[in-house]
>>> print(open('run_15.cif').read())   # mmCIF, C-alpha atoms
data_upload
#
loop_
_atom_site.label_atom_id
_atom_site.label_comp_id
_atom_site.auth_asym_id
_atom_site.auth_seq_id
_atom_site.Cartn_x
_atom_site.Cartn_y
_atom_site.Cartn_z
CA MET R 226 0.00 0.00 0.00
CA ARG R 227 1.09 3.53 -0.74
CA GLY R 228 1.58 5.75 2.31
CA LYS R 229 -0.36 8.97 2.69
CA ASN R 230 2.65 11.27 2.21
CA GLU R 231 4.64 9.10 -0.15
CA ILE R 232 5.75 10.45 -3.52
CA LEU R 233 5.71 8.03 -6.42
CA VAL R 234 8.47 8.83 -8.92
CA GLY R 235 8.27 7.27 -12.34
CA VAL R 236 11.60 6.75 -14.11
CA ASP R 237 12.36 6.11 -17.76
CA ALA R 238 14.71 3.25 -16.90
CA ARG R 239 15.38 1.83 -20.37
CA CYS R 240 19.09 2.18 -19.62
CA LEU R 241 18.65 -0.49 -16.88
CA ASN R 242 16.75 -2.80 -19.23
CA THR R 243 19.81 -4.10 -21.05
CA ASP R 244 22.39 -6.87 -21.00
CA HIS R 245 25.17 -4.75 -19.47
CA LEU R 246 25.02 -1.48 -17.55
CA ARG R 247 26.90 1.37 -19.18
CA GLY R 248 27.20 5.10 -18.47
CA MET R 249 23.53 6.10 -18.34
CA GLY R 250 22.57 2.90 -16.54
CA LYS R 251 25.25 3.55 -13.94
CA TYR R 252 23.89 7.08 -13.46
CA VAL R 253 20.31 5.94 -12.86
CA SER R 254 21.24 2.98 -10.67
CA GLU R 255 23.63 4.97 -8.46
CA CYS R 256 21.27 7.93 -8.01
CA ILE R 257 18.34 5.75 -6.97
CA SER R 258 20.51 3.57 -4.71
CA HIS R 259 21.91 6.60 -2.86
CA VAL R 260 18.60 8.25 -2.02
CA ASP R 261 18.27 8.52 1.74
CA ALA R 262 16.01 5.68 2.90
CA SER R 263 14.18 8.08 5.23
CA GLN R 264 12.72 9.95 2.25
CA GLN R 265 9.02 9.34 1.61
CA LEU R 266 9.72 8.16 -1.91
CA ARG R 267 8.69 5.18 -4.01
CA TRP R 268 9.96 4.23 -7.45
CA GLN R 269 8.10 3.07 -10.53
CA LEU R 270 10.70 1.97 -13.09
CA PHE R 271 9.70 1.60 -16.75
CA GLY R 272 11.58 -0.39 -19.41
CA ASP R 273 10.85 -1.30 -23.01
CA ARG R 274 12.35 -4.80 -23.48
CA PRO R 275 10.35 -7.48 -21.61
CA GLU R 276 12.60 -10.21 -23.03
CA THR R 277 15.82 -8.64 -21.69
CA ALA R 278 17.35 -8.51 -18.21
CA PHE R 279 16.55 -5.60 -15.90
CA HIS R 280 19.19 -4.37 -13.45
CA GLN R 281 17.29 -3.30 -10.35
CA PRO R 282 19.29 -0.75 -8.33
CA PRO R 283 20.79 -2.54 -5.31
CA GLY R 284 19.05 -2.13 -1.99
CA VAL R 285 16.03 -0.43 -3.55
CA SER R 286 12.43 -1.58 -3.43
CA ALA R 287 10.79 -0.57 -6.67
CA THR R 288 7.93 -1.57 -8.95
CA ILE R 289 9.25 -2.55 -12.36
CA GLU R 290 7.11 -2.48 -15.48
CA LEU R 291 8.52 -3.64 -18.80
CA PHE R 292 6.28 -3.11 -21.80
CA ASP R 293 6.56 -2.97 -25.56
CA PHE R 294 4.76 -0.40 -27.72
CA LYS R 295 4.20 -0.34 -31.47
CA GLY R 296 5.86 2.27 -33.63
CA TYR R 297 9.23 2.19 -31.92
CA ARG R 298 11.10 4.03 -34.68
CA PHE R 299 8.66 6.91 -34.25
CA HIS R 300 9.42 7.01 -30.50
CA THR R 301 5.87 6.01 -29.57
CA TRP R 302 7.02 4.13 -26.44
CA GLU R 303 8.40 7.40 -25.11
CA GLN R 304 5.80 9.79 -26.57
CA MET R 305 2.62 7.79 -25.88
CA GLY R 306 3.24 4.61 -23.93
CA LEU R 307 5.28 6.13 -21.11
CA PRO R 308 2.96 9.05 -20.24
CA MET R 309 -0.08 6.73 -20.51
CA ARG R 310 1.48 4.30 -18.00
CA CYS R 311 2.42 7.17 -15.68
CA ARG R 312 -1.15 8.40 -15.61
CA ARG R 313 -2.51 4.88 -15.15
CA ARG R 314 -0.12 4.21 -12.22
CA HIS R 315 -0.89 7.59 -10.58
CA VAL R 316 2.74 8.66 -10.75
CA ASP R 317 3.39 12.01 -9.04
CA LEU R 318 6.50 12.89 -11.01
CA LEU R 319 8.28 11.48 -14.07
CA HIS R 320 12.06 11.58 -14.52
CA CYS R 321 13.24 10.95 -18.08
CA THR R 322 16.89 10.08 -17.64
CA ALA R 323 18.34 9.86 -21.15
CA THR R 324 17.97 13.25 -22.92
CA SER R 325 14.56 12.59 -24.52
CA LEU R 326 11.09 13.00 -23.02
CA PRO R 327 7.45 13.02 -24.13
CA PHE R 328 5.82 16.19 -25.43
CA TRP R 329 2.58 15.12 -23.69
CA GLN R 330 3.28 15.46 -19.97
CA PRO R 331 0.23 14.51 -17.88
CA VAL R 332 2.42 14.62 -14.73
CA PRO R 333 5.27 17.00 -13.84
CA THR R 334 8.25 15.83 -15.89
CA ILE R 335 11.99 16.27 -15.39
CA VAL R 336 14.59 15.36 -18.00
CA THR R 337 18.35 14.82 -17.82
CA ILE R 338 20.14 16.08 -20.94
CA HIS R 339 23.57 14.45 -20.79
CA ASP R 340 25.16 16.27 -23.73
CA MET R 341 24.41 17.74 -27.14
CA LEU R 342 25.83 14.89 -29.21
CA PRO R 343 22.44 13.92 -30.71
CA TRP R 344 22.30 17.36 -32.37
CA ARG R 345 25.82 17.22 -33.81
CA SER R 346 25.01 14.69 -36.54
CA PRO R 347 23.17 15.59 -39.76
CA LEU R 348 19.54 14.50 -39.66
CA ALA R 349 16.72 14.41 -42.18
CA GLY R 350 12.99 13.78 -42.33
CA TYR R 351 11.24 12.66 -39.17
CA GLU R 352 14.43 12.48 -37.09
CA GLN R 353 15.26 16.10 -37.87
CA TRP R 354 11.77 17.20 -36.86
CA TYR R 355 11.96 15.06 -33.70
CA ARG R 356 15.33 16.47 -32.60
CA HIS R 357 14.89 20.08 -33.66
CA ARG R 358 11.16 20.63 -33.10
CA LEU R 359 9.51 18.06 -30.86
CA LEU R 360 12.20 17.70 -28.18
CA PRO R 361 12.88 21.46 -27.75
CA GLY R 362 9.12 21.95 -27.40
CA ALA R 363 9.00 19.21 -24.79
CA TYR R 364 11.93 20.78 -22.90
CA LYS R 365 10.00 24.03 -22.78
CA ARG R 366 7.06 22.22 -21.12
CA ALA R 367 9.23 20.29 -18.63
CA ALA R 368 9.13 21.13 -14.93
CA ALA R 369 12.94 21.07 -14.71
CA ILE R 370 16.02 20.06 -16.67
CA ILE R 371 19.17 18.47 -15.25
CA THR R 372 22.53 18.28 -16.95
CA ILE R 373 25.78 16.73 -15.78
CA SER R 374 28.51 19.32 -16.34
CA GLU R 375 29.07 23.03 -16.83
CA SER R 376 30.26 22.22 -20.33
CA SER R 377 26.94 20.56 -21.21
CA ARG R 378 25.10 23.48 -19.63
CA ARG R 379 26.88 25.94 -21.94
CA ASP R 380 26.13 23.78 -24.98
CA ILE R 381 22.45 23.50 -24.07
CA LEU R 382 22.05 27.24 -23.53
CA ASP R 383 23.83 27.99 -26.80
CA ALA R 384 21.02 26.07 -28.52
CA TRP R 385 18.09 27.07 -26.27
CA PRO R 386 18.89 30.08 -24.07
CA TRP R 387 15.31 30.21 -22.84
CA LEU R 388 15.92 27.07 -20.74
CA ALA R 389 18.27 28.91 -18.36
CA GLU R 390 15.81 29.31 -15.46
CA LYS R 391 14.93 25.62 -15.28
CA LEU R 392 18.40 24.15 -15.98
CA HIS R 393 20.33 22.57 -13.06
CA VAL R 394 23.92 21.24 -13.18
CA ILE R 395 24.32 18.08 -11.09
CA PRO R 396 27.61 16.24 -11.76
CA HIS R 397 27.80 12.47 -11.70
CA GLY R 398 29.54 10.69 -8.87
CA ILE R 399 32.08 7.93 -8.53
CA SER R 400 30.99 4.46 -7.46
CA ASP R 401 31.80 3.64 -3.84
CA ILE R 402 33.87 0.64 -4.92
CA PHE R 403 36.61 2.96 -6.24
CA LEU R 404 37.07 4.45 -2.77
CA GLU R 405 36.91 1.26 -0.70
CA ALA R 406 40.57 0.15 -0.80
CA ASP R 407 44.04 1.56 -1.30
CA GLU R 408 45.07 -1.43 -3.38
CA PHE R 409 42.96 -3.62 -5.66
CA PRO R 410 43.94 -7.04 -7.06
CA ARG R 411 44.92 -7.39 -10.68
CA PRO R 412 41.88 -8.88 -12.48
CA ASP R 413 42.18 -12.55 -13.42
CA LEU R 414 40.80 -11.67 -16.86
CA ALA R 415 43.80 -9.45 -17.60
CA THR R 416 46.26 -12.06 -16.35
CA ALA R 417 44.62 -14.77 -18.44
CA MET R 418 45.11 -12.64 -21.56
CA ILE R 419 48.60 -11.19 -21.08
CA GLY R 420 50.09 -12.94 -18.08
CA GLU R 421 52.03 -10.58 -15.82
CA ALA R 422 53.05 -8.21 -18.63
CA ARG R 423 52.87 -4.47 -18.06
CA TYR R 424 50.05 -2.84 -19.99
CA LEU R 425 48.46 0.37 -21.13
CA LEU R 426 44.66 0.57 -20.96
CA TYR R 427 42.35 2.11 -23.54
CA VAL R 428 38.80 2.72 -22.33
CA GLY R 429 36.29 4.13 -24.76
CA GLY R 430 34.92 1.66 -27.26
CA ALA R 431 34.68 1.80 -31.02
CA ILE R 432 32.78 5.09 -31.54
CA GLU R 433 34.81 7.32 -33.87
CA ARG R 434 35.03 10.29 -31.48
CA LYS R 435 36.62 8.01 -28.85
CA ARG R 436 39.66 7.68 -31.21
CA PHE R 437 40.76 4.09 -30.75
CA GLY R 438 42.92 4.57 -33.86
CA TRP R 439 44.78 7.40 -32.12
CA ALA R 440 45.43 5.18 -29.09
CA LEU R 441 46.86 2.52 -31.41
CA LYS R 442 49.19 5.07 -33.05
CA VAL R 443 50.48 6.23 -29.67
CA PHE R 444 51.01 2.66 -28.45
CA ASP R 445 52.76 1.55 -31.64
CA SER R 446 55.00 4.61 -31.75
CA LEU R 447 56.38 3.87 -28.29
CA GLY R 448 58.27 0.91 -29.73
CA LEU R 449 58.27 -0.90 -26.37
CA GLU R 450 57.76 -4.54 -27.26
CA GLN R 451 57.35 -5.68 -23.64
CA LEU R 452 54.24 -3.52 -23.24
CA LYS R 453 50.72 -4.71 -24.04
CA LEU R 454 47.61 -2.70 -24.83
CA LEU R 455 44.35 -3.82 -23.23
CA VAL R 456 41.23 -2.49 -24.95
CA CYS R 457 38.00 -2.07 -23.00
CA GLY R 458 34.50 -1.00 -24.04
CA PHE R 459 33.94 -2.83 -27.36
CA SER R 460 30.83 -4.95 -27.88
CA GLY R 461 31.24 -8.54 -29.09
CA GLN R 462 30.66 -7.63 -32.73
CA GLU R 463 32.89 -4.56 -32.48
CA ARG R 464 35.70 -6.71 -31.06
CA GLN R 465 35.47 -9.10 -33.99
CA VAL R 466 35.61 -6.27 -36.54
CA ALA R 467 38.46 -4.49 -34.77
CA MET R 468 40.55 -7.64 -34.41
CA ALA R 469 40.08 -8.44 -38.10
CA ASP R 470 41.23 -4.91 -39.01
CA LEU R 471 44.36 -4.91 -36.84
CA SER R 472 47.68 -4.71 -38.68
CA PRO R 473 50.02 -7.72 -38.29
CA GLN R 474 52.47 -5.74 -36.12
CA PHE R 475 49.90 -5.74 -33.31
CA ALA R 476 49.61 -9.53 -33.15
CA GLY R 477 50.07 -10.64 -29.56
CA ARG R 478 50.42 -7.04 -28.37
CA VAL R 479 46.81 -5.79 -28.42
CA SER R 480 44.06 -7.66 -26.55
CA PHE R 481 40.33 -6.87 -26.51
CA LEU R 482 38.63 -7.49 -23.19
CA PRO R 483 35.07 -8.78 -23.03
CA PHE R 484 32.63 -6.93 -20.78
CA VAL R 485 34.38 -6.22 -17.46
CA PRO R 486 32.14 -6.20 -14.33
CA GLU R 487 32.37 -2.95 -12.41
CA GLU R 488 33.82 -4.64 -9.32
CA GLU R 489 36.90 -5.55 -11.41
CA MET R 490 37.37 -2.13 -13.02
CA PRO R 491 39.31 -0.52 -10.11
CA GLY R 492 41.94 -3.24 -10.32
CA LEU R 493 42.07 -3.02 -14.12
CA TYR R 494 42.74 0.73 -13.92
CA GLN R 495 45.13 0.49 -11.00
CA HIS R 496 47.46 -2.11 -12.47
CA ALA R 497 47.76 -0.26 -15.80
CA GLU R 498 50.84 1.86 -16.41
CA LEU R 499 48.49 4.56 -17.67
CA VAL R 500 45.08 5.01 -19.27
CA LEU R 501 44.71 6.36 -22.82
CA TYR R 502 41.53 8.41 -23.13
CA PRO R 503 41.84 10.42 -26.38
CA THR R 504 38.10 11.15 -26.79
CA LEU R 505 37.06 14.34 -28.57
CA TYR R 506 33.85 14.94 -26.60
CA GLU R 507 32.18 13.64 -23.45
CA GLY R 508 29.19 14.79 -21.46
CA PHE R 509 31.04 13.63 -18.33
CA GLY R 510 33.91 11.14 -18.80
CA PHE R 511 33.84 8.43 -16.13
CA PRO R 512 37.22 6.84 -17.08
CA ALA R 513 39.11 10.08 -16.43
CA LEU R 514 37.68 10.22 -12.91
CA GLU R 515 37.87 6.52 -12.10
CA ALA R 516 41.50 6.08 -13.18
CA GLN R 517 42.68 9.01 -11.08
CA ALA R 518 40.69 7.83 -8.07
CA VAL R 519 42.80 4.66 -7.84
CA GLY R 520 46.10 6.45 -8.50
CA THR R 521 46.65 5.77 -12.22
CA PRO R 522 47.72 8.48 -14.70
CA VAL R 523 45.19 9.17 -17.44
CA LEU R 524 45.97 11.02 -20.67
CA PHE R 525 43.27 13.19 -22.23
CA SER R 526 42.72 16.58 -23.84
CA ASP R 527 41.21 19.71 -22.34
CA LEU R 528 37.88 19.36 -24.14
CA ALA R 529 34.23 19.77 -23.09
CA SER R 530 33.46 18.29 -19.66
CA LEU R 531 36.94 16.77 -19.33
CA SER R 532 38.13 20.25 -18.34
CA GLU R 533 36.23 19.69 -15.09
CA LEU R 534 38.03 16.40 -14.32
CA LYS R 535 41.64 17.59 -14.16
CA GLY R 536 42.81 15.93 -10.95
CA PRO R 537 46.08 14.74 -9.40
CA HIS R 538 46.89 12.22 -12.15
CA ALA R 539 45.60 13.99 -15.25
CA GLU R 540 48.04 14.41 -18.13
CA ILE R 541 46.50 17.10 -20.37
CA LEU R 542 47.71 16.92 -23.97
CA PRO R 543 47.00 18.74 -27.26
CA VAL R 544 44.35 16.94 -29.27
CA GLU R 545 46.36 16.37 -32.47
CA ASN R 546 49.96 16.48 -31.21
CA LEU R 547 51.04 12.86 -31.57
CA ASP R 548 54.59 13.58 -30.43
CA ALA R 549 53.27 15.05 -27.17
CA TRP R 550 51.17 11.95 -26.50
CA ILE R 551 54.10 9.64 -27.22
CA ALA R 552 56.46 11.65 -25.02
CA ALA R 553 54.00 11.68 -22.10
CA CYS R 554 53.47 7.92 -22.36
CA ARG R 555 57.19 7.23 -22.57
CA LYS R 556 57.92 9.40 -19.53
CA ILE R 557 55.31 7.64 -17.39
CA VAL R 558 56.30 4.13 -18.50
CA MET R 559 60.03 4.73 -18.05
CA ARG R 560 59.77 6.13 -14.56
CA GLY R 561 57.69 3.12 -13.48
CA ARG R 562 54.96 2.94 -10.88
CA ARG R 563 56.21 3.93 -7.43
CA SER R 564 53.57 1.80 -5.74
CA ILE R 565 50.14 0.33 -6.33
CA GLY R 566 47.41 2.10 -4.43
CA ALA R 567 45.63 5.42 -4.02
CA SER R 568 46.90 8.12 -1.68
CA THR R 569 44.81 10.24 0.69
CA LEU R 570 45.11 13.12 -1.77
CA GLU R 571 43.69 11.07 -4.64
CA THR R 572 40.84 9.64 -2.58
CA LYS R 573 39.94 13.08 -1.23
CA TRP R 574 39.90 14.57 -4.72
CA ALA R 575 37.70 11.78 -6.11
CA SER R 576 35.34 11.93 -3.13
CA GLN R 577 34.11 15.37 -4.17
CA PHE R 578 32.23 13.53 -6.92
CA SER R 579 29.71 11.85 -4.65
CA TRP R 580 26.63 9.91 -5.70
CA ALA R 581 25.08 10.67 -2.29
CA VAL R 582 25.39 14.41 -2.97
CA SER R 583 24.16 13.94 -6.53
CA ALA R 584 21.12 11.97 -5.30
CA GLN R 585 20.24 14.66 -2.74
CA ARG R 586 20.44 17.38 -5.37
CA HIS R 587 18.15 15.34 -7.61
CA LEU R 588 15.66 15.12 -4.74
CA ASP R 589 15.82 18.90 -4.31
CA VAL R 590 14.89 19.33 -7.98
CA TYR R 591 12.06 16.79 -7.60
CA GLN R 592 10.65 18.63 -4.59
CA ALA R 593 10.85 22.03 -6.29
CA ALA R 594 9.07 20.65 -9.36
CA LEU R 595 6.27 19.21 -7.24
CA GLU R 596 5.85 22.45 -5.28
CA ARG R 597 5.44 24.38 -8.53
#
>>> encode(input="run_15.cif", output="structure tokens")
Amino acid sequence: MRGKNEILVGVDARCLNTDHLRGMGKYVSECISHVDASQQLRWQLFGDRPETAFHQPPGVSATIELFDFKGYRFHTWEQMGLPMRCRRRHVDLLHCTATSLPFWQPVPTIVTIHDMLPWRSPLAGYEQWYRHRLLPGAYKRAAAIITISESSRRDILDAWPWLAEKLHVIPHGISDIFLEADEFPRPDLATAMIGEARYLLYVGGAIERKRFGWALKVFDSLGLEQLKLLVCGFSGQERQVAMADLSPQFAGRVSFLPFVPEEEMPGLYQHAELVLYPTLYEGFGFPALEAQAVGTPVLFSDLASLSELKGPHAEILPVENLDAWIAACRKIVMRGRRSIGASTLETKWASQFSWAVSAQRHLDVYQAALER
């Protein structure tokens, strides 16, 4: 039974209705899990793939509803099915967590716009109308808008300056597991692939703006045969394509990891000599934060939200200066790791990115939206 003063929050949780949790799924799961249990709040989580696993946030009691809806390529699940279910379930507030939201909003609706990447690609026909007409109109009707960095805030206001009064910046946090130990074990998966060899780590996947090709150039140009490159973030099909495309000189030197569970990621970062993160644009950039939290240098450029993640182990390099990337890698590898483990300074810096703080700030936005 629903308590008299309880607030029922509906969540577009499609990012939890998937085989493996990634960035957006981590965001939703962590925020919900870190809400203070004393809050008079209940969750109604909606997904769109009844045949696929659903990752319920740990320690959270929630009602989960997975439903299909015809006309998927015209976004009817989001535009019709979701608001209909919210009204039917007597939801008090709807949080759309992945940039898009329905134009029809029968309950107060909040949306998280992670970045402006969906508007950076050329579009035509229905998709152009959807991105450039329907969604901006829906943002104008929303009770509040959340974004995850000052960089994304600037990009959003460049496109729609009239959203300024309802736009809130709430940075992501870092998972508690990254702060739980000074030293993490080397993952068995890495050892099974490369033995005890020293390695560089690329985290980013196959998307062009992540620049896997650039990471390969840097690694190859080092000319250090004893080093390996571990590649993380590729799907099964992407791994097959990438391995088939690799030049012969990388045989035995570059290994593609399958999906790595989050509990093994701190050790994977920490035992790397360094992390290559040459992405051209990120709404937030978890790898830059996570690597530094466990004491590992991470190389990236001063672009977009990454400017806000320059911590104690950030190596900031020009985007297209290959020699600078090679020199930075060589310097770090040659000096060797002084020790494995995070210092008090590193832990303190990473702790400022707290999911508990992020969750509380989300609740403040929820409450303000309901009061209006």
>>> closest_residue(input="run_15.cif", among="R:Pro537, R:Cys240, R:Ser480, R:Pro283", to="Val260 in chain R", atoms="all atoms listed in the file")
R:Pro283
>>> resolve_selection(input="run_15.cif", expression="the PyMOL selection byres ((chain R and resi 287-295) around 12)", output="VMD selection string")
chain R and resid 227 233 to 239 241 to 243 254 257 to 258 266 to 286 296 to 307 309 to 311 314 316
>>> closest_residue(input="run_15.cif", among="R:Trp387, R:Trp344, R:Trp550, R:Tyr494", to="Phe444 in chain R", atoms="only C-alpha atoms")
R:Trp550
>>> resolve_selection(input="run_15.cif", expression="the PyMOL selection byres ((chain R and resi 331) around 9)", output="VMD selection string")
chain R and resid 308 to 309 311 to 312 329 to 330 332 to 334
>>> closest_residue(input="run_15.cif", among="R:Gly250, R:Gly520, R:Gly477, R:Pro512", to="Thr572 in chain R", atoms="all atoms listed in the file")
R:Gly520
>>> resolve_selection(input="run_15.cif", expression="the PyMOL selection byres ((chain R and resi 449-454) around 10)", output="list in words")
Ile419, Ala422, Arg423, Tyr424, Leu425, Leu426, Tyr427, Ala440, Leu441, Phe444, Asp445, Ser446, Leu447, Gly448, Leu455, Val456, Cys457, Phe475, Gly477, Arg478, Val479, Ser480, Phe481, Ala497, Glu498, Val500, Leu501, Arg555 and Val558 of chain R
>>> closest_residue(input="run_15.cif", among="R:Arg436, R:Thr337, R:Ser583, R:Glu487", to="Ile402 in chain R", atoms="all atoms listed in the file")
R:Glu487
>>> atom_distance(input="run_15.cif", atom1="CA of Glu375 in chain R", atom2="CA of Leu359 in chain R")
24.6 Å
>>> closest_residue(input="run_15.cif", among="R:Ile557, R:Ala406, R:Met341, R:Leu547", to="Thr521 in chain R", atoms="all atoms listed in the file")
R:Ile557
>>> closest_residue(input="run_15.cif", among="R:Ser400, R:Gln353, R:Ser526, R:Asn230", to="Tyr252 in chain R", atoms="only C-alpha atoms")
R:Ser400
